[in-house]
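J.: For reference, this is target30.txt, and it has compact mmCIF, C-alpha atoms.
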# COMPACT_ATOMS: atom_id res chain seq x y z
CA MET H 120 73.90 97.88 100.75
CA ASN H 121 75.96 97.90 103.92
CA ARG H 122 78.10 95.14 102.49
CA ALA H 123 78.54 97.09 99.28
CA LEU H 124 79.33 100.19 101.32
CA TYR H 125 82.12 98.44 103.25
CA ALA H 126 83.44 96.61 100.19
CA ALA H 127 83.69 99.86 98.23
CA ALA H 128 85.28 101.61 101.22
CA SER H 129 87.90 98.83 101.47
CA GLY H 130 88.59 99.35 97.77
CA MET H 131 89.15 103.07 98.37
CA ALA H 132 91.54 102.31 101.27
CA ALA H 133 93.40 99.83 99.08
CA GLN H 134 93.86 102.33 96.25
CA GLN H 135 95.00 104.94 98.75
CA GLN H 136 97.73 102.57 99.93
CA ASN H 137 98.56 101.68 96.33
CA LEU H 138 99.02 105.41 95.56
CA ASP H 139 101.24 105.85 98.64
CA VAL H 140 103.56 103.07 97.46
CA ILE H 141 103.71 104.34 93.86
CA ALA H 142 104.34 107.91 95.05
CA SER H 143 107.22 106.66 97.21
CA ASN H 144 108.65 104.79 94.20
CA LEU H 145 108.50 107.93 92.07
CA ALA H 146 109.98 110.08 94.83
CA ASN H 147 112.91 107.67 95.14
CA ALA H 148 113.42 107.07 91.42
CA ASP H 149 116.75 108.91 91.57
CA VAL H 150 117.97 107.32 94.83
CA VAL H 151 120.96 105.03 94.33
CA ALA H 152 119.96 101.33 94.35
CA PHE H 153 116.38 102.05 95.43
CA LYS H 154 114.14 99.06 94.75
CA ASN H 155 110.69 99.49 93.26
CA ALA H 156 108.01 98.48 95.79
CA GLN H 157 104.59 97.11 95.12
CA ALA H 158 101.47 96.95 97.30
CA LEU H 159 99.75 93.56 97.29
CA PHE H 160 96.07 92.87 97.97
CA GLU H 161 93.83 89.90 98.53
CA PRO H 162 90.06 89.42 98.45
CA VAL H 163 88.26 89.23 101.83
CA GLY H 164 85.28 87.07 102.72
CA PRO H 165 83.42 84.44 100.72
CA ASN H 166 83.27 85.49 97.05
CA ALA H 167 85.21 88.62 98.03
CA MET H 168 81.95 90.05 99.41
CA LEU H 169 83.80 92.01 102.10
CA GLY H 170 86.05 93.70 99.58
CA THR H 171 89.80 93.67 99.71
CA ALA H 172 92.68 93.97 102.17
CA SER H 173 96.37 94.65 101.90
CA THR H 174 98.81 91.77 102.36
CA GLY H 175 101.83 94.04 102.55
CA VAL H 176 104.39 95.74 100.39
CA ARG H 177 107.05 93.88 98.46
CA GLU H 178 110.31 95.14 97.01
CA ILE H 179 111.31 93.87 93.59
CA PHE H 180 115.02 93.06 93.67
CA THR H 181 115.82 93.22 89.99
CA GLN H 182 119.14 94.70 88.96
CA GLY H 183 119.18 98.45 88.39
CA LYS H 184 121.27 99.92 85.59
CA LEU H 185 124.90 100.66 86.45
CA GLU H 186 125.93 104.23 85.78
CA LYS H 187 129.36 105.80 85.82
CA SER H 188 129.74 108.18 88.74
CA GLY H 189 132.34 110.67 89.88
CA GLY H 190 132.71 109.46 93.45
CA PRO H 191 136.20 108.22 94.42
CA PHE H 192 134.76 105.47 96.64
CA ASP H 193 131.69 104.47 94.61
CA VAL H 194 131.04 100.78 94.10
CA ALA H 195 128.15 98.82 92.60
CA ILE H 196 127.18 95.15 92.48
CA ASP H 197 126.74 93.57 89.07
CA GLY H 198 124.63 90.54 89.99
CA ALA H 199 122.86 89.37 93.15
CA GLY H 200 123.95 90.12 96.70
CA PHE H 201 124.28 92.98 99.16
CA PHE H 202 127.04 95.03 100.75
CA VAL H 203 127.30 94.39 104.50
CA VAL H 204 127.02 97.64 106.44
CA GLU H 205 126.81 98.55 110.11
CA ARG H 206 125.42 101.42 112.13
CA ASP H 207 125.06 101.63 115.94
CA GLY H 208 125.68 97.89 116.25
CA VAL H 209 122.94 96.99 113.74
CA GLN H 210 124.04 94.90 110.78
CA GLY H 211 122.32 95.95 107.57
CA TYR H 212 122.46 94.96 103.92
CA THR H 213 122.34 97.37 101.03
CA ARG H 214 123.09 97.60 97.34
CA ALA H 215 123.72 101.34 97.51
CA GLY H 216 127.47 101.83 97.11
CA ALA H 217 127.93 105.61 97.34
CA PHE H 218 130.52 105.71 100.12
CA ALA H 219 132.80 108.44 101.41
CA ARG H 220 135.81 108.35 103.67
CA ALA H 221 134.98 108.75 107.36
CA PRO H 222 137.35 109.62 110.22
CA GLY H 223 139.30 106.49 111.16
CA GLY H 224 139.61 105.37 107.56
CA THR H 225 136.30 103.54 107.24
CA LEU H 226 133.94 104.04 104.31
CA ARG H 227 130.52 105.37 105.19
CA ASN H 228 127.43 106.30 103.19
CA ALA H 229 125.35 109.47 103.58
CA ASP H 230 123.02 107.88 106.16
CA GLY H 231 125.92 106.85 108.40
CA TRP H 232 126.12 103.18 107.46
CA THR H 233 129.72 101.92 107.56
CA LEU H 234 130.96 99.38 105.04
CA ARG H 235 132.33 96.30 106.80
CA GLY H 236 135.77 94.89 106.11
CA VAL H 237 137.40 98.01 104.67
CA ARG H 238 139.78 100.46 106.33
CA VAL H 239 141.66 102.90 104.13
CA ASP H 240 144.99 104.28 105.32
CA VAL H 241 144.76 108.01 106.15
CA ASN H 242 147.72 108.77 103.89
CA ALA H 243 146.11 107.11 100.88
CA GLN H 244 145.11 109.47 98.10
CA ARG H 245 142.80 107.17 96.27
CA VAL H 246 141.64 103.59 96.22
CA ASP H 247 141.13 100.96 93.59
CA VAL H 248 138.61 98.12 93.95
CA ALA H 249 139.03 94.83 92.11
CA PRO H 250 136.00 92.83 90.84
CA ASN H 251 136.45 90.41 93.78
CA GLY H 252 136.14 93.29 96.24
CA THR H 253 139.76 93.64 97.38
CA VAL H 254 140.50 97.30 98.04
CA ALA H 255 143.95 98.71 97.33
CA ALA H 256 144.93 102.08 98.82
CA LEU H 257 147.32 104.16 96.72
CA ALA H 258 149.47 106.67 98.59
CA GLY H 259 150.88 109.86 97.07
CA ASN H 260 154.37 108.38 96.67
CA GLY H 261 153.01 105.48 94.65
CA ALA H 262 153.02 102.97 97.51
CA VAL H 263 150.17 100.47 97.37
CA SER H 264 148.74 98.94 100.54
CA SER H 265 145.84 96.62 101.14
CA ALA H 266 142.74 98.21 102.62
CA GLY H 267 140.72 95.03 103.13
CA GLN H 268 138.06 93.29 101.09
CA ILE H 269 134.42 94.20 100.53
CA ALA H 270 132.30 91.20 101.54
CA LEU H 271 128.97 90.49 99.90
CA ALA H 272 126.06 88.73 101.56
CA ALA H 273 123.41 86.62 99.84
CA PHE H 274 120.05 85.40 101.13
CA ALA H 275 117.92 82.39 100.32
CA ALA H 276 114.85 84.63 100.08
CA PRO H 277 115.94 88.27 99.70
CA GLU H 278 112.33 89.42 99.26
CA LYS H 279 111.65 88.61 102.91
CA LEU H 280 114.26 91.13 104.07
CA ARG H 281 112.84 94.03 106.05
CA ALA H 282 113.59 97.58 104.90
CA ILE H 283 114.76 99.81 107.77
CA ASP H 284 115.98 102.64 105.56
CA ALA H 285 115.21 103.59 101.95
CA THR H 286 117.91 101.23 100.68
CA VAL H 287 119.09 99.33 103.79
CA PHE H 288 117.58 96.00 104.83
CA VAL H 289 117.90 93.68 107.81
CA ALA H 290 117.61 89.89 107.88
CA THR H 291 114.37 88.24 109.08
CA PRO H 292 113.55 84.59 109.87
CA GLY H 293 111.85 84.42 106.47
CA SER H 294 114.85 85.67 104.53
CA GLY H 295 117.21 83.16 106.18
CA ALA H 296 120.63 84.03 107.53
CA ALA H 297 123.14 85.98 105.46
CA ARG H 298 125.47 83.77 103.46
CA ARG H 299 128.93 85.10 102.67
CA LEU H 300 129.48 85.55 99.00
CA VAL H 301 132.90 86.09 97.43
CA ALA H 302 132.53 88.28 94.37
CA GLY H 303 134.44 88.14 91.13
CA GLY H 304 134.44 84.38 90.57
CA ASP H 305 133.01 82.52 87.65
CA ARG H 306 129.19 83.00 87.57
CA GLN H 307 129.42 85.12 90.72
CA PRO H 308 128.41 88.76 91.09
CA LYS H 309 131.15 91.30 90.46
CA ILE H 310 131.94 94.46 92.32
CA VAL H 311 132.26 97.34 89.89
CA PHE H 312 134.37 100.31 90.92
CA GLY H 313 133.48 103.87 89.93
CA MET H 314 129.88 103.00 89.14
CA LEU H 315 126.59 103.29 91.02
CA GLU H 316 123.45 101.21 90.65
CA LYS H 317 120.45 103.30 89.63
CA SER H 318 117.00 102.59 91.05
CA ASN H 319 114.96 100.03 89.14
CA VAL H 320 111.88 102.29 89.17
CA SER H 321 110.36 102.81 85.75
CA ILE H 322 108.92 106.35 85.64
CA VAL H 323 106.59 105.51 82.77
CA GLU H 324 105.23 102.38 84.47
CA SER H 325 104.81 104.28 87.75
CA MET H 326 102.91 107.11 86.03
CA MET H 327 100.60 104.62 84.40
CA ALA H 328 100.09 102.88 87.74
CA ILE H 329 99.15 106.25 89.32
CA LEU H 330 96.53 106.90 86.65
CA ALA H 331 95.05 103.42 87.09
CA ALA H 332 95.03 103.73 90.90
CA GLN H 333 93.34 107.16 90.76
CA ARG H 334 90.60 105.89 88.47
CA ALA H 335 90.11 102.79 90.60
CA TYR H 336 89.81 105.02 93.68
CA GLU H 337 87.19 107.10 91.91
CA ALA H 338 85.23 104.03 90.78
CA ASN H 339 85.18 102.71 94.35
CA SER H 340 84.01 106.09 95.66
CA LYS H 341 81.10 105.88 93.20
CA GLY H 342 80.30 102.49 94.71
CA VAL H 343 80.15 104.13 98.15
CA GLN H 344 77.87 106.87 96.77
CA ALA H 345 75.53 104.36 95.14
CA ALA H 346 75.29 102.32 98.33
CA ASP H 347 74.61 105.49 100.31
CA GLU H 348 71.94 106.62 97.84
CA MET H 349 70.20 103.25 98.04
CA LEU H 350 70.24 103.38 101.83
CA ARG H 351 68.63 106.84 101.62
CA ILE H 352 65.91 105.50 99.32
CA ALA H 353 65.30 102.57 101.65
CA ASN H 354 64.97 104.95 104.60
CA ASN H 355 62.41 107.02 102.68
CA LEU H 356 60.26 103.98 101.91
CA HIS H 357 58.28 104.62 105.05
CA ARG H 358 56.44 107.92 104.80
CA SER H 359 54.07 108.89 107.56
CA MET M 40 58.68 94.44 94.49
CA ALA M 41 60.62 93.88 97.69
CA THR M 42 62.47 91.00 96.00
CA ALA M 43 63.33 93.35 93.12
CA MET M 44 64.89 95.72 95.64
CA HIS M 45 66.79 92.81 97.17
CA ALA M 46 68.02 91.80 93.72
CA ALA M 47 69.29 95.32 93.02
CA LYS M 48 71.04 95.35 96.39
CA SER M 49 72.74 92.02 95.62
CA ARG M 50 73.91 93.36 92.28
CA LEU M 51 75.43 96.38 93.97
CA ASP M 52 77.13 94.14 96.57
CA ILE M 53 78.73 92.08 93.79
CA ALA M 54 79.80 95.10 91.72
CA ALA M 55 81.30 96.78 94.82
CA ALA M 56 83.23 93.61 95.73
CA ASN M 57 84.58 93.39 92.17
CA LEU M 58 85.56 97.06 92.11
CA ALA M 59 87.30 96.75 95.49
CA ASN M 60 89.50 94.00 94.03
CA VAL M 61 90.46 95.73 90.81
CA SER M 62 94.12 95.77 91.99
CA THR M 63 94.17 92.23 93.43
CA ASP M 64 96.41 90.09 91.23
CA GLY M 65 94.75 86.91 89.97
CA PHE M 66 91.30 87.96 91.23
CA ARG M 67 88.36 86.57 89.25
CA LYS M 68 85.22 88.68 89.24
CA ARG M 69 81.74 87.43 90.21
CA VAL M 70 78.91 87.90 87.76
CA ALA M 71 75.37 88.46 89.03
CA HIS M 72 72.58 86.44 87.52
CA ALA M 73 68.95 87.23 88.30
CA ALA M 74 66.17 84.69 87.79
CA LEU M 75 62.43 85.17 88.15
CA THR M 76 61.07 82.37 90.34
CA ALA M 77 57.86 81.72 92.25
CA LYS M 78 59.47 83.50 95.20
CA GLY M 79 60.15 86.58 93.11
CA LEU M 80 63.46 87.78 91.73
CA VAL M 81 66.38 85.67 93.02
CA THR M 82 69.97 86.74 92.43
CA SER M 83 72.78 84.25 92.25
CA SER M 84 76.37 84.78 91.21
CA ARG M 85 79.11 82.74 89.59
CA THR M 86 82.81 83.31 89.09
CA ASP M 87 83.90 84.55 85.68
CA GLU M 88 86.98 82.43 84.87
CA THR M 89 88.09 84.59 81.95
CA GLY M 90 91.79 85.39 82.25
CA GLY M 91 92.77 88.91 83.23
CA PRO M 92 95.39 91.02 81.43
CA LEU M 93 99.06 90.25 82.10
CA ARG M 94 100.82 92.91 84.13
CA HIS M 95 104.59 93.36 83.90
CA THR M 96 106.45 93.11 87.21
CA GLY M 97 109.98 92.19 86.10
CA ARG M 98 110.40 89.57 88.85
CA ALA M 99 111.76 86.28 87.49
CA PHE M 100 109.52 84.20 89.76
CA ASP M 101 106.28 85.98 88.88
CA LEU M 102 104.70 83.56 86.43
CA ALA M 103 101.66 83.84 84.20
CA VAL M 104 100.33 81.96 81.20
CA ALA M 105 99.82 83.66 77.84
CA GLY M 106 96.89 82.08 76.00
CA PRO M 107 95.52 78.67 76.97
CA GLY M 108 97.29 76.32 79.35
CA SER M 109 98.39 76.12 82.96
CA PHE M 110 101.20 74.94 85.18
CA PHE M 111 101.10 72.55 88.11
CA ALA M 112 101.71 73.07 91.81
CA ARG M 113 101.17 71.16 95.03
CA ASP M 114 98.97 72.87 97.60
CA ARG M 115 99.36 72.77 101.39
CA GLY M 116 97.15 69.67 101.59
CA GLY M 117 99.40 67.78 99.16
CA ARG M 118 96.96 67.91 96.24
CA THR M 119 98.18 68.69 92.76
CA ILE M 120 96.49 71.81 91.42
CA GLU M 121 96.67 73.78 88.18
CA LEU M 122 97.50 77.47 88.23
CA ARG M 123 97.42 80.21 85.61
CA SER M 124 99.46 82.78 87.47
CA GLY M 125 101.34 83.17 90.70
CA SER M 126 103.95 85.20 92.52
CA PHE M 127 106.49 82.70 93.81
CA GLU M 128 109.34 83.15 96.23
CA ARG M 129 112.34 80.93 96.67
CA ASP M 130 112.41 79.26 100.09
CA ALA M 131 115.48 78.09 102.02
CA PHE M 132 115.42 74.73 100.13
CA GLY M 133 115.38 76.38 96.70
CA ARG M 134 111.72 75.50 96.11
CA LEU M 135 109.34 78.10 94.71
CA ALA M 136 106.25 78.72 96.84
CA ASP M 137 103.55 81.40 96.75
CA ASP M 138 102.02 83.03 99.84
CA ARG M 139 99.25 80.42 99.99
CA GLY M 140 101.88 77.67 100.32
CA ASN M 141 101.47 76.26 96.81
CA VAL M 142 104.79 74.75 95.73
CA LEU M 143 105.68 74.73 92.03
CA LEU M 144 106.15 71.28 90.53
CA GLY M 145 108.85 70.22 88.11
CA GLN M 146 109.00 66.99 86.13
CA HIS M 147 110.04 65.07 89.26
CA GLY M 148 108.48 66.54 92.39
CA ALA M 149 109.02 70.12 93.57
CA LEU M 150 111.10 72.28 91.27
CA ARG M 151 114.35 73.42 92.87
CA VAL M 152 116.06 76.51 91.52
CA ALA M 153 119.10 78.70 92.10
CA PRO M 154 118.52 82.32 93.27
CA ASP M 155 119.51 83.65 89.84
CA ALA M 156 117.29 81.24 87.87
CA THR M 157 115.06 82.37 85.04
CA ILE M 158 112.17 80.51 83.47
CA ASP M 159 111.61 80.57 79.73
CA ALA M 160 108.40 80.30 77.70
CA ARG M 161 108.43 76.50 77.62
CA GLY M 162 108.89 76.34 81.37
CA ILE M 163 112.55 75.37 81.20
CA GLU M 164 114.39 76.75 84.14
CA ARG M 165 117.84 78.14 83.42
CA GLU M 166 120.48 79.20 85.85
CA ALA M 167 124.13 80.17 85.67
CA GLY M 168 125.26 76.53 85.46
CA GLY M 169 122.92 75.67 82.56
CA THR M 170 119.39 74.30 82.69
CA ALA M 171 118.39 72.72 85.96
CA GLY M 172 114.78 71.66 85.62
CA THR M 173 111.55 72.00 83.74
CA LEU M 174 108.27 73.26 85.08
CA ARG M 175 105.39 70.78 84.80
CA VAL M 176 102.96 72.44 82.39
CA ARG M 177 100.02 71.42 80.21
CA ALA M 178 101.16 70.76 76.63
CA GLY M 179 101.32 73.98 74.60
CA THR M 180 101.46 76.32 77.57
CA ALA M 181 103.42 79.53 77.00
CA VAL M 182 104.85 80.55 80.38
CA GLN M 183 105.54 84.27 80.88
CA SER M 184 108.14 84.97 83.50
CA GLY M 185 108.12 88.52 84.92
CA PHE M 186 104.37 88.88 84.53
CA LEU M 187 101.34 88.40 86.77
CA GLU M 188 97.75 88.01 85.75
CA ALA M 189 95.87 91.08 86.96
CA ALA M 190 92.25 90.98 88.11
CA ASN M 191 89.77 90.38 85.26
CA VAL M 192 87.62 93.21 86.63
CA ASP M 193 86.66 95.83 84.06
CA ALA M 194 86.09 99.04 86.06
CA VAL M 195 83.81 100.53 83.37
CA GLY M 196 81.60 97.44 83.28
CA GLU M 197 81.35 97.41 87.07
CA MET M 198 80.44 101.12 87.12
CA VAL M 199 77.59 100.37 84.71
CA GLN M 200 76.50 97.58 87.07
CA VAL M 201 76.56 100.02 90.00
CA LEU M 202 74.41 102.55 88.11
CA GLU M 203 72.01 99.90 86.86
CA ALA M 204 71.63 98.48 90.36
CA GLN M 205 70.95 101.94 91.76
CA ARG M 206 68.34 102.75 89.10
CA ALA M 207 66.69 99.33 89.41
CA PHE M 208 66.48 99.92 93.15
CA GLU M 209 64.86 103.32 92.57
CA THR M 210 62.40 101.89 90.06
CA ALA M 211 61.42 99.13 92.48
CA GLN M 212 61.02 101.68 95.26
CA LYS M 213 58.83 103.95 93.10
CA THR M 214 56.67 101.00 92.11
CA LEU M 215 56.43 99.89 95.71
CA SER M 216 55.39 103.42 96.73
CA ALA M 217 52.77 103.50 93.97
CA ILE M 218 51.33 100.20 95.16
CA ASP M 219 51.42 101.52 98.70
CA GLU M 220 49.53 104.67 97.69
CA ALA M 221 46.94 102.66 95.80
CA ARG M 222 46.43 100.43 98.84
CA GLN M 223 46.16 103.48 101.06
CA LYS M 224 43.46 104.89 98.80
CA ASP M 225 41.63 101.57 98.88
CA VAL M 226 41.75 101.51 102.64
CA ASN M 227 40.63 105.13 102.95
CA ASP M 228 37.74 104.62 100.50
CA VAL M 229 36.61 101.51 102.32
CA VAL M 230 36.74 103.38 105.61
CA ARG M 231 34.74 106.26 104.11
CA VAL M 232 32.01 103.90 102.85
CA LYS M 233 31.67 102.37 106.29
CA SER M 234 31.56 105.65 108.20
Turn this file's structure into structure tokens for me.
T.:
Amino acid sequence: MNRALYAAASGMAAQQQNLDVIASNLANADVVAFKNAQALFEPVGPNAMLGTASTGVREIFTQGKLEKSGGPFDVAIDGAGFFVVERDGVQGYTRAGAFARAPGGTLRNADGWTLRGVRVDVNAQRVDVAPNGTVAALAGNGAVSSAGQIALAAFAAPEKLRAIDATVFVATPGSGAARRLVAGGDRQPKIVFGMLEKSNVSIVESMMAILAAQRAYEANSKGVQAADEMLRIANNLHRS
Amino acid sequence: MATAMHAAKSRLDIAAANLANVSTDGFRKRVAHAALTAKGLVTSSRTDETGGPLRHTGRAFDLAVAGPGSFFARDRGGRTIELRSGSFERDAFGRLADDRGNVLLGQHGALRVAPDATIDARGIEREAGGTAGTLRVRAGTAVQSGFLEAANVDAVGEMVQVLEAQRAFETAQKTLSAIDEARQKDVNDVVRVKS
């Protein structure tokens, strides 16, 4: 019974974690370039007699839909790869391309991550981004100047990247080092200007996952109750 | 009767372990089997190898098999094994390995793929430059990319097992108590005769 008690309790803990991850997915379903995460579990002990344990959370890096946006500095990646961003000396990688002009001419997102390789002239009224990532700054008098090129980074194993922000990742030994990727070429990802990548969270699938996790939690709690009840009966075997 | 209580306890242990793993991809449930022997009721268990339902993940390197069949991989010890489902990740050499270190096999050794590769139903791996390799599969296997085989645990069935185990335990306990009471009476009567 004790084994059943602990196995069922581990099942409850697992479903709790499962619910946390699904709830976070749903909460971030409208966040630009958010990637759906999934909790993974494995059986513990011979014949899974000790229940289950978490083996971590994994992001699923499938492409989100590209949606037209109003932002004058919005970019999205059509294909694999990440924008290279920097904050406080930390190099990060993100697919979220909602940038705004910061003092000094750099492009920065809402969380303070600065896009590398781009500096827009202060006199420029608007920019234009080519599919290969070159940024052209257009001044009011019609003059066009170069504002740099957006570099993309690719990884051998992007799923081993570590999330340090909702949509920003850092490299790990497992992911391998960042490889520079030039966009726009044949069979290469393209940088799309004036669009944003939506999250790849499916609301319907997440809702279904919540229902399943809740029921599984309940079933495991019944397992705990049954084990407890049997322990009570065993204790009452001896009557004086 | 004590062995009957043990048997009920074992059944609960197995049902609880199955329930705990209802969200573990690829998990195969254990099925309890009770046999009446000279030593009383003995419970054994075996693994139910029935395939679980396929769950959509959308990842290109999550592979499962629809219907009969399997695909081949090499485990850490270098043995060739057959798998029905697995979540693979591309390593730095372009090979696909799961978290247990099983490496997917192609027609000639480990399959090597590009990061943007997809795998079709016949196990042919396609990437931007065309097809690059073919997964080694049993003839007639329909490979499903973007799916994982979920646990084959049926929560309703396991709940019934939990209830049955609990009631069987109660029944055994009641019977044991009845025997105990009868013995107590015997002992008391015998004592009364002697006194």
J.: Compare M:Asp87, M:Asp52, M:Glu220, M:Glu164 by their minimum atom-to-atom distance to chain H, counting only C-alpha atoms, and give me the closest one.
T.: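 That would be M:Asp52, the residue with the smallest distance to chain H.
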J.: Have a look at CA of Arg351 in chain H and CA of Gln205 in chain M and let me know their distance in Å, one decimal.
T.: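 We find that CA of Arg351 in chain H and CA of Gln205 in chain M lie 11.3 Å from each other.
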J.: Tell me as a PDB file with C-alpha atoms, in the coordinates of the input which residues belonging to chain H come within 9 Å of chain M, counting only C-alpha atoms.
T.:
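This went into iface.pdb:
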ATOM      1  CA  MET H 120      73.900  97.880 100.750  1.00  0.00           C
ATOM      2  CA  ASN H 121      75.960  97.900 103.920  1.00  0.00           C
ATOM      3  CA  ARG H 122      78.100  95.140 102.490  1.00  0.00           C
ATOM      4  CA  ALA H 123      78.540  97.090  99.280  1.00  0.00           C
ATOM      5  CA  LEU H 124      79.330 100.190 101.320  1.00  0.00           C
ATOM      6  CA  TYR H 125      82.120  98.440 103.250  1.00  0.00           C
ATOM      7  CA  ALA H 126      83.440  96.610 100.190  1.00  0.00           C
ATOM      8  CA  ALA H 127      83.690  99.860  98.230  1.00  0.00           C
ATOM      9  CA  ALA H 128      85.280 101.610 101.220  1.00  0.00           C
ATOM     10  CA  SER H 129      87.900  98.830 101.470  1.00  0.00           C
ATOM     11  CA  GLY H 130      88.590  99.350  97.770  1.00  0.00           C
ATOM     12  CA  MET H 131      89.150 103.070  98.370  1.00  0.00           C
ATOM     13  CA  ALA H 133      93.400  99.830  99.080  1.00  0.00           C
ATOM     14  CA  GLN H 134      93.860 102.330  96.250  1.00  0.00           C
ATOM     15  CA  ASN H 137      98.560 101.680  96.330  1.00  0.00           C
ATOM     16  CA  LEU H 159      99.750  93.560  97.290  1.00  0.00           C
ATOM     17  CA  PHE H 160      96.070  92.870  97.970  1.00  0.00           C
ATOM     18  CA  GLU H 161      93.830  89.900  98.530  1.00  0.00           C
ATOM     19  CA  PRO H 162      90.060  89.420  98.450  1.00  0.00           C
ATOM     20  CA  ASN H 166      83.270  85.490  97.050  1.00  0.00           C
ATOM     21  CA  ALA H 167      85.210  88.620  98.030  1.00  0.00           C
ATOM     22  CA  MET H 168      81.950  90.050  99.410  1.00  0.00           C
ATOM     23  CA  LEU H 169      83.800  92.010 102.100  1.00  0.00           C
ATOM     24  CA  GLY H 170      86.050  93.700  99.580  1.00  0.00           C
ATOM     25  CA  THR H 171      89.800  93.670  99.710  1.00  0.00           C
ATOM     26  CA  ALA H 172      92.680  93.970 102.170  1.00  0.00           C
ATOM     27  CA  ILE H 179     111.310  93.870  93.590  1.00  0.00           C
ATOM     28  CA  PHE H 180     115.020  93.060  93.670  1.00  0.00           C
ATOM     29  CA  THR H 181     115.820  93.220  89.990  1.00  0.00           C
ATOM     30  CA  GLY H 198     124.630  90.540  89.990  1.00  0.00           C
ATOM     31  CA  ALA H 199     122.860  89.370  93.150  1.00  0.00           C
ATOM     32  CA  PHE H 274     120.050  85.400 101.130  1.00  0.00           C
ATOM     33  CA  ALA H 275     117.920  82.390 100.320  1.00  0.00           C
ATOM     34  CA  ALA H 276     114.850  84.630 100.080  1.00  0.00           C
ATOM     35  CA  PRO H 277     115.940  88.270  99.700  1.00  0.00           C
ATOM     36  CA  GLU H 278     112.330  89.420  99.260  1.00  0.00           C
ATOM     37  CA  LYS H 279     111.650  88.610 102.910  1.00  0.00           C
ATOM     38  CA  GLY H 293     111.850  84.420 106.470  1.00  0.00           C
ATOM     39  CA  SER H 294     114.850  85.670 104.530  1.00  0.00           C
ATOM     40  CA  GLY H 295     117.210  83.160 106.180  1.00  0.00           C
ATOM     41  CA  ARG H 306     129.190  83.000  87.570  1.00  0.00           C
ATOM     42  CA  GLN H 307     129.420  85.120  90.720  1.00  0.00           C
ATOM     43  CA  ALA H 332      95.030 103.730  90.900  1.00  0.00           C
ATOM     44  CA  ARG H 334      90.600 105.890  88.470  1.00  0.00           C
ATOM     45  CA  ALA H 335      90.110 102.790  90.600  1.00  0.00           C
ATOM     46  CA  TYR H 336      89.810 105.020  93.680  1.00  0.00           C
ATOM     47  CA  ALA H 338      85.230 104.030  90.780  1.00  0.00           C
ATOM     48  CA  ASN H 339      85.180 102.710  94.350  1.00  0.00           C
ATOM     49  CA  LYS H 341      81.100 105.880  93.200  1.00  0.00           C
ATOM     50  CA  GLY H 342      80.300 102.490  94.710  1.00  0.00           C
ATOM     51  CA  VAL H 343      80.150 104.130  98.150  1.00  0.00           C
ATOM     52  CA  ALA H 345      75.530 104.360  95.140  1.00  0.00           C
ATOM     53  CA  ALA H 346      75.290 102.320  98.330  1.00  0.00           C
ATOM     54  CA  GLU H 348      71.940 106.620  97.840  1.00  0.00           C
ATOM     55  CA  MET H 349      70.200 103.250  98.040  1.00  0.00           C
ATOM     56  CA  ILE H 352      65.910 105.500  99.320  1.00  0.00           C
ATOM     57  CA  ALA H 353      65.300 102.570 101.650  1.00  0.00           C
ATOM     58  CA  LEU H 356      60.260 103.980 101.910  1.00  0.00           C
ATOM     59  CA  HIS H 357      58.280 104.620 105.050  1.00  0.00           C
TER      60      HIS H 357
END
J.: Separation of CA of Ser184 in chain M and CA of Gln157 in chain H, in Å?
T.: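 Those two atoms sit 17.2 Å apart.
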J.: Using all atoms listed in the file for the distances, tell me which of M:Leu75, M:Ile163, M:Ala189, M:Val81 is nearest to Ser124 in chain M.
T.: M:Ala189
J.: Please return, as JSON, numbers by chain, all polymer residues that have at least one atom within 7 Å of the point (108.3, 102.1, 94.6); use all atoms listed in the file and the file's own coordinate frame.
T.: {"H": [140, 141, 143, 144, 145, 154, 155, 156, 157, 320]}
J.: Select, from H:Gly200, H:Gly224, H:Gly261, H:Pro250, the residue with the minimum atom-to-atom distance to Ile310 in chain H, counting all atoms listed in the file.
T.: H:Pro250
J.: Compile the contact shell of range 142-152 of chain M as JSON, numbers by chain: residues with an atom at most 9 Å away, counting only C-alpha atoms, same-chain residues fewer than 4 positions apart removed.
T.: {"M": [110, 111, 112, 113, 114, 115, 119, 127, 129, 132, 133, 134, 135, 136, 137, 156, 157, 164, 165, 166, 171, 172, 173, 174, 175, 176]}
J.: Compile the contact shell of Ala249 in chain H as JSON, numbers by chain: residues with an atom at most 8 Å away, counting only C-alpha atoms, same-chain residues fewer than 5 positions apart removed.
T.: {"H": [254, 310, 311, 312]}
J.: Within 10 Å of (122.0, 102.5, 113.2), in the coordinates the file gives, what residues turn up when you count all atoms listed in the file, written out as a short mmCIF file (atom, residue, chain, number, x, y, z; two decimals) with C-alpha atoms, keeping the file's coordinate frame?
T.:
data_model
loop_
_atom_site.label_atom_id
_atom_site.label_comp_id
_atom_site.auth_asym_id
_atom_site.auth_seq_id
_atom_site.Cartn_x
_atom_site.Cartn_y
_atom_site.Cartn_z
CA VAL H 204 127.02 97.64 106.44
CA GLU H 205 126.81 98.55 110.11
CA ARG H 206 125.42 101.42 112.13
CA ASP H 207 125.06 101.63 115.94
CA GLY H 208 125.68 97.89 116.25
CA VAL H 209 122.94 96.99 113.74
CA GLN H 210 124.04 94.90 110.78
CA GLY H 211 122.32 95.95 107.57
CA ASP H 230 123.02 107.88 106.16
CA GLY H 231 125.92 106.85 108.40
CA TRP H 232 126.12 103.18 107.46
CA THR H 233 129.72 101.92 107.56
CA ILE H 283 114.76 99.81 107.77
CA ASP H 284 115.98 102.64 105.56
#
